[in-house]
Amino acid sequence: MPDNNVPFDIWATYQSFLANNELPTPLAAILALTELVERSDAGTMFELVKALNDGASVLSERSPNPIGLNAGCELFIAFVTLFPHDSDSFSDLKTELVKQGQKYSTEALTYREKIADLALGFIKDDSIILTHSYSRVVMKTLLRAHQRKRISVYVTEARPRALGLRTYDELTAAGIPCTIVLDSAVSYVMDKVDFVLVGSEAVVESGGLINAVGSNQIAIIAKAANIPFYALAESYKFHRLFPLSQYDLPTHNTSILAFPLPSPQPASQNKSSSIRTTAEIKSTPEPPRTMTHEQIACHPDA
């Protein structure tokens with residue numbers, strides 16, 4: 001039982017749920033809001049919904065990528081608002097809301113298994129599949145397919161976080177033939193694959209999906225090559241968001257184009273001793289990089 005004498009920290013609660021690697025951000029947000037309901041001293045539905053909206057705002061403001069989190073918060077708050085009940089007291093209603101929130105989160109963890117079973121019909125024997133970055137639902141599907149069919153996988157490195165390497169490690173550990181592909185080499189391997197399979201961070205009201213950076217260009221290349229492109233998404237990732245373009249997302253910022261620059265070689269360095277130690281690399285100052293006024297005008301986000 002939670003200690004009501006300790007002030008409730010919804011961000012710390014959310015982070016504690018995220019410590020479970022199997023728990024996606026929308027479900028972690030739902031469980032955090034569920035605990036907020038349990039700890040809340042609200043006496044009316046209006047007060048409870050306000051507390052939930054305030055808690056959701058705190059989570060959204062503190063998260064560097066609030067898209068999936070916001071989808072979970074919206075889902076739970078809508079459920080609380082529309083929940084039919086015949087409780088004798090508001091305290092009993094809050095208890096029932098807590099039970100329902102926990103029950104839904106437990107049930108939602110089985111959705112990947114269901115998606116993996118449904119996706120088997122799209123995967124033929126000896127299929128060659130291209131996937132991007134790392135997705136738990138895609139991993140579940142590929143591992144399930146490996147149990148019944150022969151498949152091989154190309155996976156992009158997925159810069160800047162290089163999460164494709166995690167996908168590669170887990171697939172090869174399971175015995176699935178897998179090849180790492182440079183993000184810039186997707187077009188080169190596209191004609192070799194039977195279809196593309198990706199996960200999704202959210203599915204928005206326009207029917208579009210939000211996923212790891214680079215997914216859009218892979219979809220464009222797949223369409224040009226007439227290669228099927230499939231996206232897997234659990235229902236709790238449906239988001240009440242209508243972005244007009246990729247620049248209209250809450251996570252859009254100029255750092256999405258950033259990457260680590262290599263340390264410059266000193267001009268006076270002898271070519272025969274081109275190998276430098278880590279200490280030497282760190283001690284070498286980087287020359288200043290400046291832009292002209294014309295460059296800044298053409299690229300204001302740089």
# chains A, B, ... in the order shown; residues from 1 in each chain; ligands from 1

call {"tool": "select_by_dssp", "arguments": {"residues": "region 25-196 of chain A", "states": "strand (DSSP E or B)", "output": "list in words"}}
result
Ser127, Ile128, Ile129, Leu130, Thr131, Ile151, Ser152, Val153, Tyr154, Val155, Thr156, Cys178, Thr179, Ile180, Val181, Phe195 and Val196 of chain A

call {"tool": "closest_atom_pairs", "arguments": {"of": "region 85-136 of chain A", "to": "region 2-24 of chain A", "cutoff": "10 Å", "atoms": "only C-alpha atoms", "output": "tab-separated table"}}
result
residue	atom	partner	partner_atom	distance
A:Ser105	CA	A:Leu23	CA	9.1
A:Thr106	CA	A:Leu23	CA	9.8
A:Ala108	CA	A:Leu23	CA	9.7
A:Leu109	CA	A:Leu23	CA	7.5
A:Arg136	CA	A:Glu22	CA	8.0

call {"tool": "write_last_selection", "arguments": {"atoms": "all heavy atoms", "output": "tab-separated table (two decimals), in the first residue's frame"}}
result
chain	number	residue	atom	x	y	z
A	105	SER	N	-3.82	-2.50	-18.06
A	105	SER	CA	-2.37	-2.53	-18.31
A	105	SER	C	-1.86	-3.96	-18.38
A	105	SER	O	-1.01	-4.28	-19.21
A	105	SER	CB	-1.64	-1.75	-17.21
A	105	SER	OG	-2.04	-0.39	-17.21
A	106	THR	N	-2.37	-4.81	-17.52
A	106	THR	CA	-1.96	-6.22	-17.55
A	106	THR	C	-2.41	-6.88	-18.85
A	106	THR	O	-1.64	-7.62	-19.49
A	106	THR	CB	-2.56	-6.97	-16.34
A	106	THR	OG1	-2.11	-6.35	-15.13
A	106	THR	CG2	-2.13	-8.43	-16.35
A	108	ALA	N	-3.08	-5.37	-21.68
A	108	ALA	CA	-2.43	-4.75	-22.84
A	108	ALA	C	-1.05	-5.33	-23.10
A	108	ALA	O	-0.56	-5.28	-24.24
A	108	ALA	CB	-2.33	-3.23	-22.63
A	109	LEU	N	-0.41	-5.88	-22.09
A	109	LEU	CA	0.90	-6.49	-22.29
A	109	LEU	C	0.83	-7.74	-23.16
A	109	LEU	O	1.84	-8.20	-23.68
A	109	LEU	CB	1.54	-6.84	-20.94
A	109	LEU	CG	2.07	-5.65	-20.12
A	109	LEU	CD1	2.56	-6.12	-18.76
A	109	LEU	CD2	3.19	-4.95	-20.88
A	136	ARG	N	9.73	-3.54	-29.90
A	136	ARG	CA	9.43	-4.77	-29.15
A	136	ARG	C	8.37	-5.60	-29.85
A	136	ARG	O	8.45	-6.83	-29.85
A	136	ARG	CB	8.99	-4.40	-27.73
A	136	ARG	CG	10.15	-4.05	-26.84
A	136	ARG	CD	9.72	-3.47	-25.51
A	136	ARG	NE	9.21	-2.11	-25.66
A	136	ARG	CZ	9.25	-1.19	-24.68
A	136	ARG	NH1	9.76	-1.49	-23.52
A	136	ARG	NH2	8.76	0.01	-24.89

call {"tool": "atom_distance", "arguments": {"atom1": "CA of Val193 (chain A)", "atom2": "CA of Ser245 (chain A)"}}
result
28.4 Å

call {"tool": "atom_distance", "arguments": {"atom1": "CA of Val189 (chain A)", "atom2": "CA of Val138 (chain A)"}}
result
19.4 Å

call {"tool": "atom_distance", "arguments": {"atom1": "CA of Ala185 (chain A)", "atom2": "CA of Gln246 (chain A)"}}
result
22.3 Å

call {"tool": "closest_residue", "arguments": {"among": "A:Leu36, A:Glu170, A:Ile128, A:Leu244", "to": "Pro228 (chain A)", "atoms": "only C-alpha atoms"}}
result
A:Ile128

call {"tool": "closest_residue", "arguments": {"among": "A:Val98, A:Leu48, A:Leu232, A:Ala116", "to": "Thr131 (chain A)", "atoms": "only C-alpha atoms"}}
result
A:Leu232

call {"tool": "select_by_dssp", "arguments": {"residues": "region 44-285 of chain A", "states": "alpha helix (DSSP H)", "output": "MDAnalysis selection string"}}
result
chainID A and resid 45:62 67:82 90:108 111:119 136:148 164:173 186:190 215:224 278:283

call {"tool": "residues_around", "arguments": {"residues": "Ile77 (chain A)", "least_positions_apart": "6", "cutoff": "9 Å", "atoms": "only C-alpha atoms", "output": "ChimeraX atom specification"}}
result
/A:30,33,49,52-53
